[in-house]
>>> print(open('target-v7.tsv').read())   # TSV, C-alpha atoms and all ligand atoms
chain	number	residue	atom	x	y	z
A	1	MET	CA	10.66	3.42	-13.65
A	2	ASP	CA	13.73	5.52	-12.91
A	3	ASN	CA	12.17	8.34	-10.93
A	4	CYS	CA	9.41	6.50	-9.09
A	5	ILE	CA	10.06	6.75	-5.33
A	6	PHE	CA	8.54	3.34	-4.59
A	7	CYS	CA	10.64	1.71	-7.32
A	8	LYS	CA	13.65	3.38	-5.68
A	9	ILE	CA	12.62	1.83	-2.35
A	10	VAL	CA	12.30	-1.58	-4.08
A	11	ARG	CA	15.81	-1.13	-5.56
A	12	LYS	CA	17.10	-0.06	-2.08
A	13	GLU	CA	18.13	3.33	-3.46
A	14	LEU	CA	15.91	4.96	-0.85
A	15	PRO	CA	15.56	3.79	2.75
A	16	CYS	CA	12.31	2.60	4.24
A	17	ASN	CA	11.03	1.10	7.44
A	18	LYS	CA	10.37	-2.32	5.95
A	19	ILE	CA	7.97	-4.75	7.55
A	20	TYR	CA	7.79	-7.37	4.78
A	21	GLU	CA	9.50	-8.40	1.56
A	22	ASP	CA	9.29	-11.35	-0.80
A	23	GLU	CA	10.05	-11.80	-4.50
A	24	ASP	CA	6.90	-9.95	-5.61
A	25	LEU	CA	5.84	-7.61	-2.79
A	26	MET	CA	7.12	-5.18	-0.24
A	27	ALA	CA	5.50	-3.49	2.76
A	28	PHE	CA	6.90	-0.57	4.75
A	29	ASN	CA	5.63	2.03	7.17
A	30	ASP	CA	4.14	5.19	5.75
A	31	ILE	CA	6.44	8.15	6.31
A	32	HIS	CA	3.47	10.28	7.49
A	33	PRO	CA	1.31	7.86	9.45
A	34	ALA	CA	-2.40	8.61	9.77
A	35	ALA	CA	-2.83	6.24	12.74
A	36	PRO	CA	-0.64	4.08	15.05
A	37	VAL	CA	-0.49	1.40	12.34
A	38	HIS	CA	-0.07	2.71	8.81
A	39	PHE	CA	1.91	0.76	6.29
A	40	LEU	CA	1.97	0.57	2.51
A	41	LEU	CA	1.88	-2.70	0.62
A	42	ILE	CA	3.26	-2.51	-2.92
A	43	PRO	CA	4.06	-4.83	-5.80
A	44	LYS	CA	7.73	-4.70	-6.78
A	45	LEU	CA	6.53	-4.47	-10.35
A	46	HIS	CA	5.74	-0.88	-11.28
A	47	ILE	CA	2.03	-0.45	-12.02
A	48	ASP	CA	0.85	3.17	-12.04
A	49	SER	CA	-2.43	2.59	-10.26
A	50	LEU	CA	-5.43	0.33	-9.84
A	51	ALA	CA	-6.81	1.91	-13.01
A	52	GLU	CA	-3.97	0.30	-15.01
A	53	ILE	CA	-4.21	-3.29	-13.79
A	54	GLN	CA	-4.59	-6.04	-16.36
A	55	ASP	CA	-5.66	-9.67	-16.38
A	56	HIS	CA	-2.10	-10.92	-16.02
A	57	HIS	CA	-1.82	-9.07	-12.69
A	58	GLN	CA	-4.48	-11.31	-11.13
A	59	ASN	CA	-2.12	-13.51	-9.11
A	60	LEU	CA	-0.13	-10.52	-7.90
A	61	LEU	CA	-3.26	-8.69	-6.74
A	62	GLY	CA	-4.59	-11.81	-5.06
A	63	LYS	CA	-1.30	-12.15	-3.24
A	64	MET	CA	-1.54	-8.55	-2.04
A	65	LEU	CA	-5.08	-9.01	-0.75
A	66	LEU	CA	-4.14	-12.21	1.06
A	67	LEU	CA	-1.09	-10.60	2.63
A	68	ALA	CA	-2.75	-7.37	3.83
A	69	PRO	CA	-4.73	-8.91	6.73
A	70	ARG	CA	-1.80	-11.10	7.75
A	71	LEU	CA	0.53	-8.12	8.04
A	72	ALA	CA	-2.18	-6.01	9.69
A	73	LYS	CA	-2.50	-8.65	12.39
A	74	GLU	CA	1.27	-8.87	12.80
A	75	GLN	CA	1.36	-5.09	13.24
A	76	GLY	CA	-1.19	-5.29	16.05
A	77	CYS	CA	-4.50	-4.74	14.29
A	78	ASP	CA	-6.49	-7.27	16.32
A	79	ASP	CA	-9.87	-5.70	15.83
A	80	GLY	CA	-9.96	-4.56	12.23
A	81	PHE	CA	-8.20	-2.12	9.99
A	82	ARG	CA	-8.86	-0.02	6.92
A	83	THR	CA	-7.45	-0.70	3.46
A	84	ILE	CA	-7.30	2.24	1.06
A	85	ILE	CA	-6.25	2.32	-2.58
A	86	ASN	CA	-6.22	5.91	-3.78
A	87	THR	CA	-6.48	5.93	-7.56
A	88	GLY	CA	-5.67	8.79	-9.91
A	89	HIS	CA	-6.35	12.48	-9.51
A	90	VAL	CA	-9.92	12.18	-8.25
A	91	GLY	CA	-8.89	9.45	-5.83
A	92	GLY	CA	-6.15	11.67	-4.38
A	93	GLN	CA	-3.26	9.43	-5.43
A	94	GLU	CA	0.08	11.18	-4.87
A	95	VAL	CA	2.55	8.40	-5.60
A	96	LEU	CA	1.97	6.82	-9.01
A	97	HIS	CA	3.00	3.28	-8.07
A	98	LEU	CA	0.14	1.05	-6.99
A	99	HIS	CA	-0.05	0.76	-3.21
A	100	PHE	CA	-2.50	-0.40	-0.58
A	101	HIS	CA	-2.61	1.69	2.58
A	102	VAL	CA	-3.32	-0.44	5.64
A	103	ILE	CA	-4.36	1.70	8.58
A	104	GLY	CA	-5.37	0.78	12.09
A	105	GLY	CA	-4.73	1.05	15.79
A	106	ARG	CA	-6.78	0.63	18.91
A	107	LYS	CA	-9.36	3.35	18.31
A	108	ARG	CA	-12.12	3.23	15.74
A	109	LEU	CA	-11.08	5.26	12.70
A	110	PRO	CA	-13.18	8.27	11.73
A	111	GLY	CA	-15.74	7.71	8.99
A	112	MET	CA	-14.47	8.34	5.50
A	113	ILE	CA	-17.57	8.24	3.40
A	114	HIS	CA	-19.79	11.28	3.71
A	115	HIS	CA	-23.00	10.75	1.85
A	116	GLN	CA	-24.31	13.50	-0.41
A	117	GLY	CA	-27.64	15.10	0.44
A	201	LIG	P1	-1.25	8.28	-1.95
A	201	LIG	O1	-1.86	9.62	-1.71
A	201	LIG	O2	-2.25	7.16	-1.82
A	201	LIG	O3	-0.48	8.22	-3.25
A	201	LIG	O4	-0.25	8.03	-0.75
A	201	LIG	C1	1.12	8.10	-0.85
A	201	LIG	C2	1.65	7.80	0.53
A	201	LIG	O5	3.03	7.55	0.45
A	201	LIG	C3	1.45	8.96	1.53
A	201	LIG	O6	0.68	8.48	2.65
A	201	LIG	C4	2.89	9.32	1.92
A	201	LIG	O7	3.00	9.68	3.29
A	201	LIG	C5	3.64	8.04	1.61
A	201	LIG	N1	5.05	8.20	1.29
A	201	LIG	C6	5.60	9.06	0.41
A	201	LIG	N2	6.94	8.89	0.35
A	201	LIG	C7	7.22	7.87	1.20
A	201	LIG	C8	8.43	7.22	1.59
A	201	LIG	N3	9.62	7.58	1.07
A	201	LIG	N4	8.37	6.23	2.50
A	201	LIG	C9	7.18	5.88	3.04
A	201	LIG	N5	6.01	6.45	2.70
A	201	LIG	C10	6.03	7.43	1.80
A	202	ZN	ZN	7.34	2.47	-9.33
>>> encode(input="target-v7.tsv", output="structure tokens", more="lines below")
Ligand code: AMP
Ligand code: ZN
Amino acid sequence: MDNCIFCKIVRKELPCNKIYEDEDLMAFNDIHPAAPVHFLLIPKLHIDSLAEIQDHHQNLLGKMLLLAPRLAKEQGCDDGFRTIINTGHVGGQEVLHLHFHVIGGRKRLPGMIHHQG
């Protein structure tokens, strides 16, 4: 994926504030943080979004879910955090490379789900 900014970060063509890397995954701080802790966890493999995942991604996705709380704790989220996966246009996804937002800090985050009616 030549023009994908997260693929460019994976290839080290763009800088990032990296907090984790292994052969499959990378995590780095969000450039516009929404809270004191706000990092993105991505697979190195380009997958457009959660809507495009397939059965053979199962191990990769499991690895991401297992890593998210470990990194959150390392970043200082001792009392919870929020994990967000924006998907597609309706989900407000801006970067089309699958990523988990992990957001936290000391204060309780504002509610995100506003019920209709
Ligand atoms: P989303 O709306 O879920 O696609 O979120 C994309 C996120 O990527 C936003 O929170 C951006 O602030 C963040 N972002 C965009 N470019 C970069 C970058 N070069 N380094 C770190 N975070 C980025
Ligand atoms: Zn990509």
>>> closest_atom_pairs(input="target-v7.tsv", of="range 12-41 of chain A", to="range 56-61 of chain A", cutoff="12 Å", atoms="only C-alpha atoms", output="CSV")
residue,atom,partner,partner_atom,distance
A:Asp22,CA,A:Leu60,CA,11.8
A:Glu23,CA,A:Leu60,CA,10.8
A:Asp24,CA,A:Leu60,CA,7.4
A:Leu25,CA,A:Leu60,CA,8.4
A:Met26,CA,A:Leu60,CA,11.8
A:Leu41,CA,A:Leu61,CA,10.8
>>> atom_distance(input="target-v7.tsv", atom1="CA of His32 in chain A", atom2="atom O6 of ligand LIG 201 (chain A)")
5.9 Å
>>> residues_around(input="target-v7.tsv", residues="Ile85 in chain A", least_positions_apart="3", cutoff="8 Å", atoms="all atoms listed in the file", output="ChimeraX atom specification")
/A:50,98-101
>>> residues_near_ligand(input="target-v7.tsv", ligand="ligand LIG 201 (chain A)", cutoff="12 Å", atoms="only C-alpha atoms and all ligand atoms", output="number ranges by chain")
A: 4-10, 12-19, 26-35, 38-42, 48-50, 83-103
>>> atom_distance(input="target-v7.tsv", atom1="CA of Tyr20 in chain A", atom2="CA of Pro110 in chain A")
27.1 Å
>>> axis_aligned_box(input="target-v7.tsv", around="range 10-22 of chain A", padding_each_side="5 Å", output="AutoDock Vina command-line options")
--center_x 13.0 --center_y -3.2 --center_z 1.0 --size_x 20.3 --size_y 26.3 --size_z 23.1
>>> closest_residue(input="target-v7.tsv", among="A:Ile113, A:Leu45, A:Leu66, A:Val37", to="ligand ZN 202 (chain A)", atoms="all atoms listed in the file")
A:Leu45
>>> atom_distance(input="target-v7.tsv", atom1="CA of Ala72 in chain A", atom2="CA of Arg108 in chain A")
14.9 Å
>>> residues_around(input="target-v7.tsv", residues="Gly80 in chain A", least_positions_apart="3", cutoff="9 Å", atoms="all atoms listed in the file", output="NGL selection string")
:A and (69 or 72-73 or 77 or 104-105 or 108)
>>> closest_residue(input="target-v7.tsv", among="A:His114, A:Lys107, A:Arg70, A:Arg11", to="Pro36 in chain A", atoms="only C-alpha atoms")
A:Lys107
>>> closest_residue(input="target-v7.tsv", among="A:Gly62, A:Gly111, A:Pro43, A:Gly76", to="ligand ZN 202 (chain A)", atoms="only C-alpha atoms and all ligand atoms")
A:Pro43
>>> closest_residue(input="target-v7.tsv", among="A:Met64, A:Ile47, A:Leu71, A:Met112", to="ligand ZN 202 (chain A)", atoms="only C-alpha atoms and all ligand atoms")
A:Ile47
>>> build_atoms(input="target-v7.tsv", residues="range 9-45 of chain A", atoms="N, CA and C atoms", output="tab-separated table (two decimals), in the coordinates of the input")
chain	number	residue	atom	x	y	z
A	9	ILE	N	12.63	2.59	-3.61
A	9	ILE	CA	12.62	1.83	-2.35
A	9	ILE	C	12.82	0.33	-2.66
A	10	VAL	N	12.15	-0.16	-3.69
A	10	VAL	CA	12.30	-1.58	-4.08
A	10	VAL	C	13.76	-1.87	-4.44
A	11	ARG	N	14.41	-0.93	-5.14
A	11	ARG	CA	15.81	-1.13	-5.56
A	11	ARG	C	16.81	-0.80	-4.45
A	12	LYS	N	16.28	-0.42	-3.26
A	12	LYS	CA	17.10	-0.06	-2.08
A	12	LYS	C	17.92	1.22	-2.32
A	13	GLU	N	17.46	2.04	-3.25
A	13	GLU	CA	18.13	3.33	-3.46
A	13	GLU	C	17.62	4.38	-2.48
A	14	LEU	N	16.46	4.11	-1.91
A	14	LEU	CA	15.91	4.96	-0.85
A	14	LEU	C	15.63	4.07	0.35
A	15	PRO	N	15.83	4.60	1.57
A	15	PRO	CA	15.56	3.79	2.75
A	15	PRO	C	14.06	3.70	3.02
A	16	CYS	N	13.68	2.69	3.77
A	16	CYS	CA	12.31	2.60	4.24
A	16	CYS	C	12.30	1.79	5.52
A	17	ASN	N	11.21	1.90	6.23
A	17	ASN	CA	11.03	1.10	7.44
A	17	ASN	C	10.24	-0.15	7.03
A	18	LYS	N	10.99	-1.15	6.58
A	18	LYS	CA	10.37	-2.32	5.95
A	18	LYS	C	9.76	-3.26	6.97
A	19	ILE	N	8.57	-3.74	6.67
A	19	ILE	CA	7.97	-4.75	7.55
A	19	ILE	C	7.81	-6.09	6.84
A	20	TYR	N	7.95	-6.11	5.51
A	20	TYR	CA	7.79	-7.37	4.78
A	20	TYR	C	8.43	-7.25	3.41
A	21	GLU	N	9.00	-8.35	2.95
A	21	GLU	CA	9.50	-8.40	1.56
A	21	GLU	C	9.51	-9.84	1.09
A	22	ASP	N	9.06	-10.06	-0.13
A	22	ASP	CA	9.29	-11.35	-0.80
A	22	ASP	C	9.64	-11.03	-2.26
A	23	GLU	N	9.59	-12.04	-3.13
A	23	GLU	CA	10.05	-11.80	-4.50
A	23	GLU	C	9.12	-10.86	-5.28
A	24	ASP	N	7.88	-10.75	-4.86
A	24	ASP	CA	6.90	-9.95	-5.61
A	24	ASP	C	6.46	-8.67	-4.89
A	25	LEU	N	6.49	-8.67	-3.57
A	25	LEU	CA	5.84	-7.61	-2.79
A	25	LEU	C	6.77	-7.02	-1.75
A	26	MET	N	6.41	-5.81	-1.34
A	26	MET	CA	7.12	-5.18	-0.24
A	26	MET	C	6.11	-4.40	0.59
A	27	ALA	N	6.34	-4.32	1.89
A	27	ALA	CA	5.50	-3.49	2.76
A	27	ALA	C	6.42	-2.71	3.69
A	28	PHE	N	6.08	-1.44	3.88
A	28	PHE	CA	6.90	-0.57	4.75
A	28	PHE	C	5.99	0.48	5.36
A	29	ASN	N	6.45	1.04	6.48
A	29	ASN	CA	5.63	2.03	7.17
A	29	ASN	C	5.53	3.32	6.37
A	30	ASP	N	4.34	3.90	6.41
A	30	ASP	CA	4.14	5.19	5.75
A	30	ASP	C	4.95	6.26	6.49
A	31	ILE	N	5.57	7.13	5.73
A	31	ILE	CA	6.44	8.15	6.31
A	31	ILE	C	5.63	9.19	7.10
A	32	HIS	N	4.37	9.38	6.76
A	32	HIS	CA	3.47	10.28	7.49
A	32	HIS	C	2.24	9.50	7.96
A	33	PRO	N	2.40	8.75	9.05
A	33	PRO	CA	1.31	7.86	9.45
A	33	PRO	C	0.04	8.60	9.84
A	34	ALA	N	-1.10	8.03	9.45
A	34	ALA	CA	-2.40	8.61	9.77
A	34	ALA	C	-2.99	7.98	11.03
A	35	ALA	N	-2.34	6.96	11.56
A	35	ALA	CA	-2.83	6.24	12.74
A	35	ALA	C	-1.65	5.43	13.28
A	36	PRO	N	-1.78	4.83	14.47
A	36	PRO	CA	-0.64	4.08	15.05
A	36	PRO	C	-0.09	3.00	14.11
A	37	VAL	N	-0.95	2.34	13.38
A	37	VAL	CA	-0.49	1.40	12.34
A	37	VAL	C	-0.82	2.02	10.98
A	38	HIS	N	0.17	2.20	10.17
A	38	HIS	CA	-0.07	2.71	8.81
A	38	HIS	C	1.11	2.27	7.95
A	39	PHE	N	0.86	1.20	7.20
A	39	PHE	CA	1.91	0.76	6.29
A	39	PHE	C	1.38	0.69	4.88
A	40	LEU	N	2.30	0.65	3.94
A	40	LEU	CA	1.97	0.57	2.51
A	40	LEU	C	2.42	-0.78	1.99
A	41	LEU	N	1.57	-1.42	1.24
A	41	LEU	CA	1.88	-2.70	0.62
A	41	LEU	C	1.94	-2.47	-0.88
A	42	ILE	N	3.07	-2.80	-1.48
A	42	ILE	CA	3.26	-2.51	-2.92
A	42	ILE	C	3.74	-3.75	-3.66
A	43	PRO	N	3.40	-3.82	-4.96
A	43	PRO	CA	4.06	-4.83	-5.80
A	43	PRO	C	5.43	-4.29	-6.18
A	44	LYS	N	6.41	-5.16	-6.32
A	44	LYS	CA	7.73	-4.70	-6.78
A	44	LYS	C	7.65	-4.23	-8.23
A	45	LEU	N	6.77	-4.87	-8.97
A	45	LEU	CA	6.53	-4.47	-10.35
A	45	LEU	C	5.87	-3.09	-10.37
